[in-house]
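K.L.:
Questions regarding the structure given below will be posed in turn.
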Amino acid sequence: MSTVLCTSRAALPALPDAGVWPFAATPALQQLHALPRARAEQDERFLQWVVYLVVQRADGAAWAYRRGGGDARLQGRCSIGVGGHVDAEDAGGDLSATLQAAVRREIAEELTDADAARLLAQSLLPTAFVHEGLSAVGRVHVGVVFLAQWSASAPPNFREPDLHSLGFLPLAQVADDPRFERWSREVATW
């Protein structure tokens with residue numbers, strides 16, 4: 001099991017039950033703890049950091065997909081966020097370097113080489129935080145949203161056979177569709 005980077009909930013300001021707000025690298029975010037993921041998934045005193053990349057076309061539509069495997073709590077759910085946990089191996093000199101390493105690693109792991117190269121050629125910067133404390137999954141995670149632009153005619157392709165592309169969807173459709181995980185609906189509304 002991997003080791004993930006977390007922040008003590010006590011070190012953070014009060015979080016909304018659900019929502020998205022602009023990214024700001026506050027001092028509390030520099031206080032990272034490396035915990036075994038199995039422990040972190042159960043310990044609500046800590047929030048695990050997750051990078052969450054949203055890929056959009058020029059018309060604003062977001063690339064969407066459906067999960068066929070992975071975390072059982074998310075199987076069958078749809079998403080517009082590509083990414084995952086910030087692992088201890090991603091830790092860099094500061095928070096910015098750590099988040100950059102994590103989002104770049106996730107892109108390289110999840111997408112084909114050609115599609116990953118298109119995204120990695122862009123300047124990927126943290127844009128927002130996303131959180132929801134209404135579910136067991138949400139209560140132990142906080143996301144850092146990154147945005148990327150997609151100009152190719154075909155949507156990106158996954159390496160993993162358990163992830164199934166739904167193509168590009170209007171954000172209003174994602175925001176109102178209960179098949180999408182809560183983070184996707186929150187980000188689409190934002």
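Chain labels A, B, ... are given in the sequence in which chains occur in the structure tokens; within each chain residues are numbered consecutively from 1, and ligands are likewise numbered from 1 in the order shown.
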At most 12 Å is the cut-off: for each residue in stretch 79-107 of chain A with any atom that close to an atom of stretch 56-63 of chain A, write down the nearest atom pair and the distance in Å rounded to one decimal, counting only C-alpha atoms, chain first then increasing number, as JSON lines.
P.N.:
```
{"residue": "A:Ser79", "atom": "CA", "partner": "A:Trp63", "partner_atom": "CA", "distance": 8.5}
{"residue": "A:Ile80", "atom": "CA", "partner": "A:Trp63", "partner_atom": "CA", "distance": 5.8}
{"residue": "A:Gly81", "atom": "CA", "partner": "A:Trp63", "partner_atom": "CA", "distance": 8.3}
{"residue": "A:Val82", "atom": "CA", "partner": "A:Trp63", "partner_atom": "CA", "distance": 9.3}
```
K.L.:
Pull all heavy atoms from the residues just selected and write them as a short mmCIF file (atom, residue, chain, number, x, y, z; two decimals), in the first residue's frame.
P.N.:
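again_3.cif was written with the following content:
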```
data_model
loop_
_atom_site.label_atom_id
_atom_site.label_comp_id
_atom_site.auth_asym_id
_atom_site.auth_seq_id
_atom_site.Cartn_x
_atom_site.Cartn_y
_atom_site.Cartn_z
N SER A 79 -16.74 10.92 -13.93
CA SER A 79 -15.87 11.98 -13.43
C SER A 79 -15.37 12.86 -14.56
O SER A 79 -15.33 12.42 -15.71
CB SER A 79 -14.67 11.35 -12.70
OG SER A 79 -13.82 12.36 -12.19
N ILE A 80 -14.98 14.08 -14.21
CA ILE A 80 -14.26 14.95 -15.15
C ILE A 80 -12.85 15.22 -14.64
O ILE A 80 -12.12 16.00 -15.22
CB ILE A 80 -15.00 16.28 -15.42
CG1 ILE A 80 -15.20 17.08 -14.13
CG2 ILE A 80 -16.31 16.04 -16.15
CD1 ILE A 80 -15.68 18.51 -14.36
N GLY A 81 -12.45 14.58 -13.54
CA GLY A 81 -11.13 14.81 -12.96
C GLY A 81 -10.20 13.63 -13.14
O GLY A 81 -10.51 12.52 -12.74
N VAL A 82 -9.06 13.89 -13.78
CA VAL A 82 -8.01 12.88 -13.92
C VAL A 82 -6.99 13.15 -12.83
O VAL A 82 -6.57 14.30 -12.64
CB VAL A 82 -7.33 12.98 -15.30
CG1 VAL A 82 -6.17 12.00 -15.41
CG2 VAL A 82 -8.34 12.74 -16.40
#
```
K.L.:
How many Å separate atom CA of A:Glu160 from atom CA of A:Leu119?
P.N.:
17.3 Å
K.L.:
Could you pull the residues within 10 Å of A:Asn157, counting only C-alpha atoms, minus those fewer than 2 positions along the same chain, as a ChimeraX atom specification?
P.N.:
/A:110-116,154-155,159-161,163-165,167
K.L.:
Among stretch 70-189 of chain A, which ones does DSSP assign to alpha helix (DSSP H) (computed from the backbone)? Answer as a PyMOL selection string.
P.N.:
chain A and resi 95-110+113-120+171-175+182-189
K.L.:
Taking N, CA, C and O atoms for each residue, export the selection above as a CSV table (one decimal), in the first residue's frame.
P.N.:
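Done, and the output landed in selection14.csv:
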```csv
chain,number,residue,atom,x,y,z
A,95,LEU,N,5.4,23.1,-1.6
A,95,LEU,CA,4.1,22.6,-1.9
A,95,LEU,C,3.9,22.7,-3.4
A,95,LEU,O,3.4,21.7,-4.0
A,96,SER,N,4.3,23.7,-4.1
A,96,SER,CA,4.1,23.9,-5.5
A,96,SER,C,4.8,22.8,-6.3
A,96,SER,O,4.2,22.1,-7.2
A,97,ALA,N,6.1,22.5,-5.9
A,97,ALA,CA,6.8,21.4,-6.6
A,97,ALA,C,6.2,20.1,-6.3
A,97,ALA,O,6.1,19.2,-7.2
A,98,THR,N,5.7,19.9,-5.1
A,98,THR,CA,5.1,18.6,-4.8
A,98,THR,C,3.8,18.4,-5.6
A,98,THR,O,3.6,17.3,-6.2
A,99,LEU,N,2.9,19.4,-5.7
A,99,LEU,CA,1.7,19.3,-6.5
A,99,LEU,C,2.0,19.1,-8.0
A,99,LEU,O,1.3,18.3,-8.6
A,100,GLN,N,3.0,19.8,-8.5
A,100,GLN,CA,3.4,19.6,-9.9
A,100,GLN,C,3.8,18.2,-10.2
A,100,GLN,O,3.5,17.6,-11.2
A,101,ALA,N,4.7,17.7,-9.3
A,101,ALA,CA,5.2,16.3,-9.5
A,101,ALA,C,4.0,15.3,-9.5
A,101,ALA,O,4.0,14.4,-10.3
A,102,ALA,N,3.1,15.5,-8.6
A,102,ALA,CA,1.9,14.6,-8.5
A,102,ALA,C,1.0,14.6,-9.7
A,102,ALA,O,0.7,13.6,-10.3
A,103,VAL,N,0.7,15.8,-10.2
A,103,VAL,CA,-0.2,15.9,-11.3
A,103,VAL,C,0.5,15.4,-12.6
A,103,VAL,O,-0.1,14.7,-13.4
A,104,ARG,N,1.8,15.7,-12.7
A,104,ARG,CA,2.5,15.2,-13.9
A,104,ARG,C,2.6,13.6,-13.8
A,104,ARG,O,2.5,13.0,-14.9
A,105,ARG,N,2.9,13.1,-12.7
A,105,ARG,CA,3.0,11.6,-12.5
A,105,ARG,C,1.6,11.0,-12.9
A,105,ARG,O,1.6,10.0,-13.6
A,106,GLU,N,0.5,11.5,-12.3
A,106,GLU,CA,-0.8,11.0,-12.6
A,106,GLU,C,-1.1,11.0,-14.1
A,106,GLU,O,-1.7,10.0,-14.6
A,107,ILE,N,-0.8,12.1,-14.8
A,107,ILE,CA,-1.1,12.2,-16.2
A,107,ILE,C,-0.3,11.1,-17.0
A,107,ILE,O,-0.8,10.4,-17.8
A,108,ALA,N,1.0,11.0,-16.6
A,108,ALA,CA,1.8,10.0,-17.3
A,108,ALA,C,1.4,8.6,-17.0
A,108,ALA,O,1.5,7.7,-17.9
A,109,GLU,N,0.8,8.3,-15.8
A,109,GLU,CA,0.4,7.0,-15.5
A,109,GLU,C,-1.0,6.6,-16.1
A,109,GLU,O,-1.2,5.5,-16.5
A,110,GLU,N,-1.8,7.6,-16.3
A,110,GLU,CA,-3.2,7.3,-16.7
A,110,GLU,C,-3.5,7.4,-18.2
A,110,GLU,O,-4.4,6.8,-18.7
A,113,ASP,N,0.9,7.7,-24.0
A,113,ASP,CA,2.1,8.6,-24.1
A,113,ASP,C,1.8,9.9,-24.9
A,113,ASP,O,2.2,11.0,-24.5
A,114,ALA,N,1.2,9.7,-26.1
A,114,ALA,CA,0.9,10.9,-27.0
A,114,ALA,C,0.0,11.9,-26.3
A,114,ALA,O,0.2,13.1,-26.3
A,115,ASP,N,-1.0,11.4,-25.6
A,115,ASP,CA,-2.0,12.3,-25.0
A,115,ASP,C,-1.4,12.9,-23.7
A,115,ASP,O,-1.6,14.1,-23.4
A,116,ALA,N,-0.6,12.2,-23.0
A,116,ALA,CA,0.1,12.7,-21.8
A,116,ALA,C,1.0,13.8,-22.3
A,116,ALA,O,1.1,14.9,-21.6
A,117,ALA,N,1.8,13.6,-23.3
A,117,ALA,CA,2.7,14.6,-23.8
A,117,ALA,C,2.0,15.9,-24.2
A,117,ALA,O,2.5,17.0,-23.9
A,118,ARG,N,0.8,15.9,-24.8
A,118,ARG,CA,0.0,17.1,-25.1
A,118,ARG,C,-0.3,17.9,-23.8
A,118,ARG,O,-0.2,19.1,-23.8
A,119,LEU,N,-0.7,17.2,-22.8
A,119,LEU,CA,-1.0,17.9,-21.5
A,119,LEU,C,0.2,18.3,-20.8
A,119,LEU,O,0.2,19.4,-20.2
A,120,LEU,N,1.2,17.5,-20.8
A,120,LEU,CA,2.4,17.9,-20.0
A,120,LEU,C,3.2,19.0,-20.7
A,120,LEU,O,4.0,19.7,-20.0
A,171,LEU,N,-20.5,21.5,-19.2
A,171,LEU,CA,-20.4,21.6,-17.8
A,171,LEU,C,-21.7,21.6,-17.1
A,171,LEU,O,-21.9,21.0,-16.0
A,172,ALA,N,-22.7,22.2,-17.7
A,172,ALA,CA,-24.1,22.2,-17.1
A,172,ALA,C,-24.7,20.8,-17.1
A,172,ALA,O,-25.3,20.5,-16.1
A,173,GLN,N,-24.4,20.0,-18.1
A,173,GLN,CA,-24.8,18.6,-18.1
A,173,GLN,C,-24.2,17.8,-16.9
A,173,GLN,O,-24.8,17.1,-16.2
A,174,VAL,N,-22.9,18.0,-16.7
A,174,VAL,CA,-22.1,17.3,-15.7
A,174,VAL,C,-22.7,17.7,-14.3
A,174,VAL,O,-22.9,16.9,-13.4
A,175,ALA,N,-22.9,19.0,-14.1
A,175,ALA,CA,-23.4,19.6,-12.8
A,175,ALA,C,-24.7,19.0,-12.4
A,175,ALA,O,-24.9,18.9,-11.2
A,182,ARG,N,-19.4,13.6,-6.7
A,182,ARG,CA,-19.7,14.9,-6.1
A,182,ARG,C,-18.7,16.0,-6.6
A,182,ARG,O,-19.0,17.1,-6.9
A,183,TRP,N,-17.4,15.6,-6.5
A,183,TRP,CA,-16.4,16.6,-6.9
A,183,TRP,C,-16.6,17.1,-8.3
A,183,TRP,O,-16.5,18.3,-8.6
A,184,SER,N,-16.9,16.2,-9.2
A,184,SER,CA,-17.1,16.6,-10.6
A,184,SER,C,-18.3,17.6,-10.7
A,184,SER,O,-18.2,18.6,-11.4
A,185,ARG,N,-19.4,17.3,-10.0
A,185,ARG,CA,-20.5,18.2,-10.0
A,185,ARG,C,-20.2,19.6,-9.4
A,185,ARG,O,-20.6,20.6,-9.9
A,186,GLU,N,-19.4,19.6,-8.3
A,186,GLU,CA,-19.0,20.8,-7.7
A,186,GLU,C,-18.1,21.7,-8.6
A,186,GLU,O,-18.3,22.9,-8.7
A,187,VAL,N,-17.1,21.0,-9.2
A,187,VAL,CA,-16.2,21.7,-10.1
A,187,VAL,C,-17.0,22.2,-11.3
A,187,VAL,O,-16.7,23.4,-11.8
A,188,ALA,N,-17.9,21.4,-11.9
A,188,ALA,CA,-18.6,21.9,-13.1
A,188,ALA,C,-19.5,23.1,-12.7
A,188,ALA,O,-19.6,24.0,-13.5
A,189,THR,N,-20.1,23.1,-11.6
A,189,THR,CA,-20.9,24.3,-11.1
A,189,THR,C,-20.0,25.5,-10.9
A,189,THR,O,-20.4,26.6,-11.3
```
K.L.:
Quick one, how far is atom CA of A:Thr3 from atom CA of A:Val137?
P.N.:
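Value for the atom CA of A:Thr3-atom CA of A:Val137 distance: 17.2 Å.
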K.L.:
Once DSSP has gone over the backbone, tell me which residues of stretch 7-90 of chain A are in strand (DSSP E or B), as an NGL selection string.
P.N.:
:A and (7-8 or 18-22 or 33-36 or 46-56 or 62-67 or 78-79 or 81-85 or 87)
